Amino acid sequence: MRKARIAALLTLVGLGIAMSPAVTADAGQTSTWCTKKEQVAILGTSADTGYGTTGYKSATDTYAPTTYGWTTKIANDLHAQWNTTTKNYAHNGAMATDYLPGGRWPDTTGALADITQRQPDLVLVDLGGNELISQADPAVFKANLGKVIDNIRTARPGVDILLSIYAELKWTPNPWGGQTQKYFWSQYATSIYQTAVEKGTALVDLRQYIPPAGSANLPNPSPWLADNVHLNDAGNLAEYGMWWGWTSSLGSIC
């Protein structure tokens with residue numbers, strides 16, 4: 001039974017390994033990731049803290065290392081490959097506005113100041129899911145995401161930035177977003193894609209590798225928790241494959 005489950009998990013991982021950037025940074029720009037590979041920063045949500053994976057415990061709703069959490073695995077592999085240090089600023093429930101002045105938590109609002117000090121060579125940005133949950137206007141989300149990208153580049157001029165489109169989670173009525181769905185994940189995904197194009201960042205799209213939450217033909221094991229919002233151990237391994245495929249493939253050809 002355990003061997004079969006591991007094989008299924010590895011199949012999901014394999015779905016993400018071939019991932020390549022849909023959008024790349026300006027060709028004339030020197031790649032900070034190729035140049036140094038010393039520091040990576042992650043700005044994200046519960047999709048990036050380890051939440052939903054076995055063993056996750058955090059009294060502050062922030063990152064905590066777990067065996068299957070994709071951010072833990074990629075941080076370990078980056079360190080093993082290039083001695084890279086990874087700083088994870090992700091916070092459960094975070095939106096783009098939380099990484100701007102006036103955000104809800106000191107660890108998210110302080111991320112840009114810390115990036116200014118640390119000067120990372122690659123910044124991974126994984127936002128948008130909580131805007132769907134709260135039914136924030138996708139156009140407003142796009143504007144806020146653009147500000148986050150601009151602020152990152154002010155903090156670390158010329159830094160390589162990799163945006164992501166999360167797998168298609170399923171919206172349900174909730175305490176934060178009212179009882180009627182007005183906006184859909186495809187609209188937020190479009191906002192992320194347009195931001196990547198306009199700001200000249202790289203982009204990866206997890207929807208190509210993980211079926212939508214709540215769909216009829218999910219693999220076994222399912223990559224989703226029962227809430228249809230968070231990826232479980234299997235889903236995190238697939239997501240890890242996507243991120244590692246991008247960072248390691250680029251790193252190997254620098």
# chains A, B, ... in the order shown; residues from 1 in each chain; ligands from 1
>>> residues_around(residues="stretch 160-172 of chain A", least_positions_apart="2", cutoff="6 Å", atoms="only C-alpha atoms", output="list in words")
Thr32, Leu122, Val123, Leu124, Val125, Asp126, Ala189, Thr201, Ala202, Leu203, Val204, Asp205, Leu206, Arg207, Pro212, Ala213, Asn228 and Val229 of chain A
>>> select_by_dssp(residues="stretch 36-224 of chain A", states="strand (DSSP E or B)", output="ChimeraX atom specification")
/A:39-43,62,85-88,91,122-125,160-165,174,178,202-205,224
>>> write_last_selection(atoms="N, CA and C atoms", output="tab-separated table (two decimals), in the first residue's frame")
chain	number	residue	atom	x	y	z
A	39	GLN	N	20.79	33.91	-2.84
A	39	GLN	CA	19.59	34.16	-2.02
A	39	GLN	C	18.33	34.04	-2.87
A	40	VAL	N	17.31	33.39	-2.30
A	40	VAL	CA	15.98	33.32	-2.90
A	40	VAL	C	14.97	33.83	-1.88
A	41	ALA	N	13.97	34.58	-2.34
A	41	ALA	CA	12.89	35.05	-1.48
A	41	ALA	C	11.56	34.53	-2.02
A	42	ILE	N	10.63	34.22	-1.11
A	42	ILE	CA	9.31	33.74	-1.49
A	42	ILE	C	8.25	34.63	-0.86
A	43	LEU	N	7.40	35.22	-1.70
A	43	LEU	CA	6.25	36.00	-1.24
A	43	LEU	C	5.00	35.23	-1.63
A	62	THR	N	2.55	31.24	9.59
A	62	THR	CA	3.63	31.52	8.65
A	62	THR	C	4.32	30.21	8.26
A	85	THR	N	20.53	30.29	0.12
A	85	THR	CA	19.69	30.52	1.30
A	85	THR	C	18.32	31.02	0.84
A	86	THR	N	17.26	30.43	1.39
A	86	THR	CA	15.90	30.82	1.02
A	86	THR	C	15.19	31.46	2.20
A	87	LYS	N	14.60	32.62	1.97
A	87	LYS	CA	13.80	33.32	2.98
A	87	LYS	C	12.35	33.31	2.53
A	88	ASN	N	11.49	32.72	3.36
A	88	ASN	CA	10.08	32.56	3.02
A	88	ASN	C	9.23	33.54	3.83
A	91	HIS	N	2.49	33.97	4.18
A	91	HIS	CA	1.62	34.03	5.35
A	91	HIS	C	0.26	33.47	4.95
A	122	LEU	N	16.75	35.81	-6.74
A	122	LEU	CA	15.52	35.34	-7.37
A	122	LEU	C	14.39	35.51	-6.37
A	123	VAL	N	13.26	36.05	-6.83
A	123	VAL	CA	12.09	36.22	-5.97
A	123	VAL	C	10.93	35.47	-6.60
A	124	LEU	N	10.35	34.53	-5.85
A	124	LEU	CA	9.17	33.78	-6.28
A	124	LEU	C	7.94	34.43	-5.69
A	125	VAL	N	6.96	34.76	-6.54
A	125	VAL	CA	5.75	35.45	-6.09
A	125	VAL	C	4.54	34.59	-6.44
A	160	ASP	N	15.74	38.88	-10.79
A	160	ASP	CA	14.88	37.93	-11.48
A	160	ASP	C	13.65	37.63	-10.62
A	161	ILE	N	12.46	37.72	-11.23
A	161	ILE	CA	11.20	37.47	-10.53
A	161	ILE	C	10.44	36.40	-11.28
A	162	LEU	N	9.92	35.43	-10.56
A	162	LEU	CA	9.13	34.35	-11.15
A	162	LEU	C	7.73	34.38	-10.55
A	163	LEU	N	6.75	34.75	-11.36
A	163	LEU	CA	5.35	34.73	-10.94
A	163	LEU	C	4.75	33.36	-11.22
A	164	SER	N	3.70	33.01	-10.47
A	164	SER	CA	3.04	31.74	-10.72
A	164	SER	C	1.53	31.91	-10.74
A	165	ILE	N	0.89	31.05	-11.53
A	165	ILE	CA	-0.56	30.91	-11.50
A	165	ILE	C	-0.85	29.60	-10.79
A	174	ASN	N	-17.95	31.86	1.96
A	174	ASN	CA	-17.08	31.87	3.11
A	174	ASN	C	-17.24	33.17	3.88
A	178	GLY	N	-18.51	36.97	1.19
A	178	GLY	CA	-19.93	37.01	0.85
A	178	GLY	C	-20.45	35.66	0.40
A	202	ALA	N	9.27	36.22	-15.44
A	202	ALA	CA	8.96	34.86	-15.84
A	202	ALA	C	7.64	34.45	-15.21
A	203	LEU	N	7.03	33.40	-15.78
A	203	LEU	CA	5.72	32.93	-15.31
A	203	LEU	C	5.63	31.43	-15.46
A	204	VAL	N	5.10	30.76	-14.44
A	204	VAL	CA	4.78	29.34	-14.52
A	204	VAL	C	3.30	29.16	-14.15
A	205	ASP	N	2.67	28.18	-14.78
A	205	ASP	CA	1.22	28.00	-14.64
A	205	ASP	C	0.93	26.58	-14.17
A	224	TRP	N	-5.54	17.48	-3.79
A	224	TRP	CA	-6.25	18.52	-3.04
A	224	TRP	C	-6.70	18.03	-1.67
>>> atom_distance(atom1="atom CA of A:Thr60", atom2="atom CA of A:Asp107")
10.0 Å
>>> residues_around(residues="A:Thr49", least_positions_apart="6", cutoff="9 Å", atoms="only C-alpha atoms", output="VMD selection string")
chain A and resid 56 61 to 65 69 to 72 88 to 92
>>> residues_around(residues="A:Thr35", least_positions_apart="3", cutoff="9 Å", atoms="only C-alpha atoms", output="PDB file with N, CA, C and O atoms, in the first residue's frame")
ATOM      1  N   THR A  30      20.704  41.365 -17.491  1.00  0.00           N
ATOM      2  CA  THR A  30      21.574  40.359 -16.888  1.00  0.00           C
ATOM      3  C   THR A  30      20.810  39.618 -15.798  1.00  0.00           C
ATOM      4  O   THR A  30      20.171  40.225 -14.946  1.00  0.00           O
ATOM      5  N   SER A  31      20.876  38.297 -15.825  1.00  0.00           N
ATOM      6  CA  SER A  31      20.143  37.487 -14.863  1.00  0.00           C
ATOM      7  C   SER A  31      20.857  37.474 -13.520  1.00  0.00           C
ATOM      8  O   SER A  31      21.995  37.006 -13.408  1.00  0.00           O
ATOM      9  N   THR A  32      20.186  37.982 -12.496  1.00  0.00           N
ATOM     10  CA  THR A  32      20.777  37.947 -11.153  1.00  0.00           C
ATOM     11  C   THR A  32      20.873  36.516 -10.643  1.00  0.00           C
ATOM     12  O   THR A  32      21.794  36.176  -9.897  1.00  0.00           O
ATOM     13  N   ASP A 121      18.654  36.984  -5.226  1.00  0.00           N
ATOM     14  CA  ASP A 121      18.951  36.857  -6.650  1.00  0.00           C
ATOM     15  C   ASP A 121      17.748  36.353  -7.442  1.00  0.00           C
ATOM     16  O   ASP A 121      17.729  36.442  -8.670  1.00  0.00           O
ATOM     17  N   CYS A 254      23.035  28.570 -17.052  1.00  0.00           N
ATOM     18  CA  CYS A 254      23.588  29.910 -16.863  1.00  0.00           C
ATOM     19  C   CYS A 254      25.069  29.948 -17.249  1.00  0.00           C
ATOM     20  O   CYS A 254      25.782  28.999 -16.962  1.00  0.00           O
TER      21      CYS A 254
END
>>> closest_residue(among="A:Gly129, A:Gly214, A:Pro221, A:Pro138", to="A:Gln194", atoms="only C-alpha atoms")
A:Pro138
>>> select_by_dssp(residues="stretch 30-211 of chain A", states="helix (DSSP H, G or I)", output="PyMOL selection string")
chain A and resi 32-35+46-48+70-82+96-99+106-109+111-118+129-134+138-155+185-199+206-208
>>> decode(residues="stretch 46-78 of chain A", atoms="N, CA, C and O atoms", output="PDB file, in the first residue's frame")
ATOM      1  N   SER A  46      -0.886  30.648   2.022  1.00  0.00           N
ATOM      2  CA  SER A  46      -0.866  29.326   2.654  1.00  0.00           C
ATOM      3  C   SER A  46      -0.424  28.243   1.679  1.00  0.00           C
ATOM      4  O   SER A  46      -0.022  27.152   2.106  1.00  0.00           O
ATOM      5  N   ALA A  47      -0.481  28.522   0.390  1.00  0.00           N
ATOM      6  CA  ALA A  47       0.029  27.574  -0.599  1.00  0.00           C
ATOM      7  C   ALA A  47       1.532  27.402  -0.487  1.00  0.00           C
ATOM      8  O   ALA A  47       2.089  26.443  -1.029  1.00  0.00           O
ATOM      9  N   ASP A  48       2.179  28.318   0.240  1.00  0.00           N
ATOM     10  CA  ASP A  48       3.637  28.351   0.281  1.00  0.00           C
ATOM     11  C   ASP A  48       4.218  28.253   1.692  1.00  0.00           C
ATOM     12  O   ASP A  48       5.435  28.311   1.859  1.00  0.00           O
ATOM     13  N   THR A  49       3.368  28.106   2.689  1.00  0.00           N
ATOM     14  CA  THR A  49       3.849  28.007   4.073  1.00  0.00           C
ATOM     15  C   THR A  49       4.055  26.566   4.529  1.00  0.00           C
ATOM     16  O   THR A  49       4.662  26.323   5.565  1.00  0.00           O
ATOM     17  N   GLY A  50       3.510  25.625   3.768  1.00  0.00           N
ATOM     18  CA  GLY A  50       3.491  24.228   4.204  1.00  0.00           C
ATOM     19  C   GLY A  50       2.123  23.815   4.709  1.00  0.00           C
ATOM     20  O   GLY A  50       1.897  22.640   5.033  1.00  0.00           O
ATOM     21  N   TYR A  51       1.185  24.775   4.789  1.00  0.00           N
ATOM     22  CA  TYR A  51      -0.167  24.480   5.253  1.00  0.00           C
ATOM     23  C   TYR A  51      -0.778  23.374   4.384  1.00  0.00           C
ATOM     24  O   TYR A  51      -0.657  23.374   3.166  1.00  0.00           O
ATOM     25  N   GLY A  52      -1.454  22.429   5.039  1.00  0.00           N
ATOM     26  CA  GLY A  52      -2.104  21.340   4.315  1.00  0.00           C
ATOM     27  C   GLY A  52      -1.243  20.109   4.149  1.00  0.00           C
ATOM     28  O   GLY A  52      -1.742  19.064   3.753  1.00  0.00           O
ATOM     29  N   THR A  53       0.058  20.224   4.453  1.00  0.00           N
ATOM     30  CA  THR A  53       0.930  19.064   4.345  1.00  0.00           C
ATOM     31  C   THR A  53       1.150  18.445   5.721  1.00  0.00           C
ATOM     32  O   THR A  53       0.999  19.103   6.749  1.00  0.00           O
ATOM     33  N   THR A  54       1.494  17.191   5.722  1.00  0.00           N
ATOM     34  CA  THR A  54       1.649  16.443   6.961  1.00  0.00           C
ATOM     35  C   THR A  54       2.695  17.090   7.874  1.00  0.00           C
ATOM     36  O   THR A  54       3.810  17.366   7.447  1.00  0.00           O
ATOM     37  N   GLY A  55       2.290  17.341   9.128  1.00  0.00           N
ATOM     38  CA  GLY A  55       3.211  17.872  10.120  1.00  0.00           C
ATOM     39  C   GLY A  55       3.270  19.384  10.210  1.00  0.00           C
ATOM     40  O   GLY A  55       4.061  19.906  11.002  1.00  0.00           O
ATOM     41  N   TYR A  56       2.447  20.083   9.427  1.00  0.00           N
ATOM     42  CA  TYR A  56       2.508  21.548   9.476  1.00  0.00           C
ATOM     43  C   TYR A  56       2.012  22.069  10.812  1.00  0.00           C
ATOM     44  O   TYR A  56       0.904  21.775  11.246  1.00  0.00           O
ATOM     45  N   LYS A  57       2.844  22.851  11.462  1.00  0.00           N
ATOM     46  CA  LYS A  57       2.478  23.498  12.723  1.00  0.00           C
ATOM     47  C   LYS A  57       3.092  24.891  12.746  1.00  0.00           C
ATOM     48  O   LYS A  57       4.306  25.045  12.613  1.00  0.00           O
ATOM     49  N   SER A  58       2.251  25.904  12.907  1.00  0.00           N
ATOM     50  CA  SER A  58       2.748  27.270  13.018  1.00  0.00           C
ATOM     51  C   SER A  58       1.787  28.071  13.880  1.00  0.00           C
ATOM     52  O   SER A  58       0.593  28.178  13.557  1.00  0.00           O
ATOM     53  N   ALA A  59       2.281  28.626  14.954  1.00  0.00           N
ATOM     54  CA  ALA A  59       1.450  29.442  15.842  1.00  0.00           C
ATOM     55  C   ALA A  59       1.185  30.816  15.257  1.00  0.00           C
ATOM     56  O   ALA A  59       0.317  31.545  15.740  1.00  0.00           O
ATOM     57  N   THR A  60       1.912  31.177  14.191  1.00  0.00           N
ATOM     58  CA  THR A  60       1.777  32.518  13.606  1.00  0.00           C
ATOM     59  C   THR A  60       1.234  32.491  12.184  1.00  0.00           C
ATOM     60  O   THR A  60       1.231  33.509  11.499  1.00  0.00           O
ATOM     61  N   ASP A  61       0.785  31.324  11.711  1.00  0.00           N
ATOM     62  CA  ASP A  61       0.254  31.183  10.345  1.00  0.00           C
ATOM     63  C   ASP A  61       1.291  31.523   9.285  1.00  0.00           C
ATOM     64  O   ASP A  61       0.956  32.024   8.205  1.00  0.00           O
ATOM     65  N   THR A  62       2.552  31.242   9.588  1.00  0.00           N
ATOM     66  CA  THR A  62       3.630  31.517   8.651  1.00  0.00           C
ATOM     67  C   THR A  62       4.316  30.212   8.262  1.00  0.00           C
ATOM     68  O   THR A  62       3.869  29.120   8.618  1.00  0.00           O
ATOM     69  N   TYR A  63       5.410  30.320   7.532  1.00  0.00           N
ATOM     70  CA  TYR A  63       6.114  29.140   7.053  1.00  0.00           C
ATOM     71  C   TYR A  63       6.609  28.250   8.191  1.00  0.00           C
ATOM     72  O   TYR A  63       7.131  28.734   9.199  1.00  0.00           O
ATOM     73  N   ALA A  64       6.444  26.949   7.996  1.00  0.00           N
ATOM     74  CA  ALA A  64       7.020  25.945   8.892  1.00  0.00           C
ATOM     75  C   ALA A  64       7.468  24.768   8.035  1.00  0.00           C
ATOM     76  O   ALA A  64       6.731  24.341   7.139  1.00  0.00           O
ATOM     77  N   PRO A  65       8.659  24.243   8.254  1.00  0.00           N
ATOM     78  CA  PRO A  65       9.159  23.148   7.416  1.00  0.00           C
ATOM     79  C   PRO A  65       8.364  21.866   7.605  1.00  0.00           C
ATOM     80  O   PRO A  65       8.031  21.494   8.734  1.00  0.00           O
ATOM     81  N   THR A  66       8.045  21.200   6.499  1.00  0.00           N
ATOM     82  CA  THR A  66       7.389  19.891   6.525  1.00  0.00           C
ATOM     83  C   THR A  66       8.053  18.996   5.488  1.00  0.00           C
ATOM     84  O   THR A  66       8.734  19.481   4.577  1.00  0.00           O
ATOM     85  N   THR A  67       7.824  17.716   5.609  1.00  0.00           N
ATOM     86  CA  THR A  67       8.468  16.760   4.703  1.00  0.00           C
ATOM     87  C   THR A  67       8.067  16.991   3.252  1.00  0.00           C
ATOM     88  O   THR A  67       8.905  16.937   2.346  1.00  0.00           O
ATOM     89  N   TYR A  68       6.779  17.250   3.014  1.00  0.00           N
ATOM     90  CA  TYR A  68       6.286  17.343   1.640  1.00  0.00           C
ATOM     91  C   TYR A  68       5.990  18.766   1.183  1.00  0.00           C
ATOM     92  O   TYR A  68       5.616  18.965   0.027  1.00  0.00           O
ATOM     93  N   GLY A  69       6.126  19.756   2.041  1.00  0.00           N
ATOM     94  CA  GLY A  69       5.880  21.122   1.621  1.00  0.00           C
ATOM     95  C   GLY A  69       6.834  21.522   0.499  1.00  0.00           C
ATOM     96  O   GLY A  69       8.046  21.328   0.608  1.00  0.00           O
ATOM     97  N   TRP A  70       6.291  22.085  -0.584  1.00  0.00           N
ATOM     98  CA  TRP A  70       7.143  22.361  -1.742  1.00  0.00           C
ATOM     99  C   TRP A  70       8.220  23.392  -1.417  1.00  0.00           C
ATOM    100  O   TRP A  70       9.337  23.290  -1.937  1.00  0.00           O
ATOM    101  N   THR A  71       7.905  24.364  -0.557  1.00  0.00           N
ATOM    102  CA  THR A  71       8.903  25.382  -0.241  1.00  0.00           C
ATOM    103  C   THR A  71      10.052  24.809   0.585  1.00  0.00           C
ATOM    104  O   THR A  71      11.205  25.219   0.429  1.00  0.00           O
ATOM    105  N   THR A  72       9.740  23.861   1.453  1.00  0.00           N
ATOM    106  CA  THR A  72      10.805  23.193   2.214  1.00  0.00           C
ATOM    107  C   THR A  72      11.709  22.398   1.290  1.00  0.00           C
ATOM    108  O   THR A  72      12.941  22.472   1.362  1.00  0.00           O
ATOM    109  N   LYS A  73      11.090  21.638   0.385  1.00  0.00           N
ATOM    110  CA  LYS A  73      11.868  20.783  -0.510  1.00  0.00           C
ATOM    111  C   LYS A  73      12.749  21.605  -1.450  1.00  0.00           C
ATOM    112  O   LYS A  73      13.915  21.276  -1.667  1.00  0.00           O
ATOM    113  N   ILE A  74      12.204  22.686  -2.001  1.00  0.00           N
ATOM    114  CA  ILE A  74      13.018  23.450  -2.943  1.00  0.00           C
ATOM    115  C   ILE A  74      14.126  24.205  -2.205  1.00  0.00           C
ATOM    116  O   ILE A  74      15.242  24.337  -2.710  1.00  0.00           O
ATOM    117  N   ALA A  75      13.830  24.680  -0.989  1.00  0.00           N
ATOM    118  CA  ALA A  75      14.873  25.346  -0.205  1.00  0.00           C
ATOM    119  C   ALA A  75      16.018  24.382   0.086  1.00  0.00           C
ATOM    120  O   ALA A  75      17.200  24.750  -0.026  1.00  0.00           O
ATOM    121  N   ASN A  76      15.679  23.155   0.451  1.00  0.00           N
ATOM    122  CA  ASN A  76      16.710  22.157   0.732  1.00  0.00           C
ATOM    123  C   ASN A  76      17.531  21.834  -0.520  1.00  0.00           C
ATOM    124  O   ASN A  76      18.762  21.703  -0.464  1.00  0.00           O
ATOM    125  N   ASP A  77      16.846  21.699  -1.657  1.00  0.00           N
ATOM    126  CA  ASP A  77      17.548  21.342  -2.887  1.00  0.00           C
ATOM    127  C   ASP A  77      18.407  22.492  -3.407  1.00  0.00           C
ATOM    128  O   ASP A  77      19.511  22.274  -3.919  1.00  0.00           O
ATOM    129  N   LEU A  78      17.898  23.710  -3.307  1.00  0.00           N
ATOM    130  CA  LEU A  78      18.697  24.862  -3.728  1.00  0.00           C
ATOM    131  C   LEU A  78      19.964  24.988  -2.882  1.00  0.00           C
ATOM    132  O   LEU A  78      21.043  25.306  -3.384  1.00  0.00           O
TER     133      LEU A  78
END
